[in-house]
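Trainee: This structure is in structure tokens; I'll ask about it shortly.
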Amino acid sequence: MFRNPYVAYGVLASPGILLVVGIATFLILQRTLLAPTAQAAPDQPIDFPHTVHAGMLELDCTFCHRAASEEPHAGLPALEQCMFCHTAVQPEDNEQIGLLLEAWNNYEGVEWERVHQLPDHVQFVHEAHINAGFECSTCHGDVEEMEKIKQVRDLRMDDCVECHLDNEAPIDCTTCHY
Amino acid sequence: MACQAENNIPINEESAFRENRAIEWIRIERYWTDSEDFAESSPQYLPMTCQHCGNAPCEPVCPVYATYHTPDGLNAQIYNRCIGTRYCGNNCPWNVRYFNYHDPKFEDTFTNHLNPDVTVRSRGIMEKCSMCVQRIRRGVREARYDGRELQDGDIMPACAQTCPTNAIIFGDLNNPDSQVSQMVASDRNYELFGELGTAPGLTYLAKVDVDAEEHSEEEEHAAVPQSPVIWMTVNG
């Protein structure tokens, strides 16, 4: 027996309502689940504690991410740079430093997982923002309190553009896309 | 080569040339002087790159505004906007826009040799000479950090940097003291396809043919190109 769905389910099944609900659901999902901020923080091959280095020891970000104030890419420190300190700092009960030493002694790199994934067509220039006086935490959050680094900011284009407008920075396309 | 390395241009294989789908942001056009005897004619070379027209034919035909004019006078291509209609390439009198018919191919050894400051373009979008906009932006930033105005020679595109005879010169046309401004003032200066009225940002200097009688200037034998791109003064 054919039953007209509009009759059976009343107003809820009407195309207009479905459309409105659909759009609302999509917008909510886009803002929450689909946002890059909602990505799970990846596990790193070595549990590098920013809480210790940036928090307890109060090292400056550029102490390790040396290129941040001079180059577009902040860069990850080479193992050699870890070993500046860890040739001396080797607590025996720490497994993670053991992993570091193992990689160092075997001439292997550590394949860190990238946390902040910008698309390839976006050129974010770290030096420009650092030299303009912004703190790293403006975008990266309070890293010194994070056990595991995660993305805290939306970092999509409207986020960038809003901040650029607030600070009277150029919003010409070729500022970031080239 | 400098351009290919600077701008992550994929390796053109022989098949790409056979298909007429090779990507060369700057190419060398070759002409032969008029002579009935082939042995006596000599080749003339003309570097051909995006002319960065002030009144560009490629810009109004783009349905998604992927190509547009920057405030500093560049004709920019925004890769992530491009949907690959190829209208712009069709409308370019110089044929200097290149479409990515294939995904870019690099040798395995190139993985760590790509320029991190330039996007690697994927299949299905248009690309062209950007006048090394990444170098322009970097030069502008560095001048700002040093707290000075941009000077002549602060910024150099890869092609100008690599040219051993300084045949390609880049500079600020708004600055009357810059080298390009003075060269543009020369009566040897001409625009390629100037009759189209596209106001190219690149002009060429006609070659003085020393072999010709009375050292007459032969306008057809252009050899010295220069690229006077106008950029905005930097603020903030």
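To be explicit about the labels: the chains of the structure tokens are called A, B, and onward in the order shown, and within each one the residues are counted from 1, while ligands get numbers from 1 in the order they are shown.
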With DSSP run on the backbone, what are the alpha helix (DSSP H) residues within region 1-147 of chain A? I'd like them as number ranges by chain.
Mentor: A: 5-9, 15-31, 50, 61-64, 79-86, 95-105, 126-131, 137-140
Trainee: Please provide the set of residues having any atom within 7 Å of region 118-132 of chain A, restricted to only C-alpha atoms, with same-chain residues fewer than 6 positions apart removed, written as a list in words.
Mentor: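 Final neighbour list, sorted by chain and number: Ala68, Ser69, Glu70, Glu71, Pro72, His73, Ala74, Cys176, His177 and Tyr178 of chain A; Asn80, Asp117 and Thr119 of chain B.
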Trainee: With only C-alpha atoms considered, list every residue of chain B at most 10 Å from chain A, as a PyMOL selection string.
Mentor: chain B and resi 7+66-72+74+76-81+116-121+130+132-134+137-138+141-142+144-145+235-236
Trainee: Which residues come within 10 Å of Cys92 (chain B), counting only C-alpha atoms, excluding same-chain residues fewer than 5 positions away, as number ranges by chain?
Mentor: B: 50-51, 56-59, 87, 97
Trainee: Now that the selection is made, can you save its residues with C-alpha atoms as a CSV table (one decimal), in the first residue's frame?
Mentor:
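File produced: result09.csv:
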chain,number,residue,atom,x,y,z
B,50,CYS,CA,54.8,36.2,-18.5
B,51,GLN,CA,54.6,39.9,-19.4
B,56,ALA,CA,46.0,41.7,-18.9
B,57,PRO,CA,43.9,39.7,-21.3
B,58,CYS,CA,44.0,36.7,-19.0
B,59,GLU,CA,42.4,38.4,-16.0
B,87,TYR,CA,40.4,30.4,-20.7
B,97,ARG,CA,50.5,30.2,-19.3
Trainee: If you measure from CA of Gln151 (chain A) to CA of Ile171 (chain A), what distance in Å do you get, rounded to one decimal?
Mentor: 23.5 Å
Trainee: Mind giving me the straight-line distance from CA of Tyr190 (chain B) to CA of Thr203 (chain B) in Å, one decimal?
Mentor: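 CA of Tyr190 (chain B) sits 5.8 Å away from CA of Thr203 (chain B).
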Trainee: Select, from B:Gly139, B:Gly153, B:Gly201, B:Gly73, the residue with the minimum atom-to-atom distance to Ser178 (chain B), counting only C-alpha atoms.
Mentor: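 Selected residue with least distance to Ser178 (chain B): B:Gly153.
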Trainee: In terms of the shortest atom-to-atom distance over only C-alpha atoms, which of B:Arg21, B:Arg86, B:His52, B:Arg30 is closest to Met126 (chain B)?
Mentor: B:Arg86
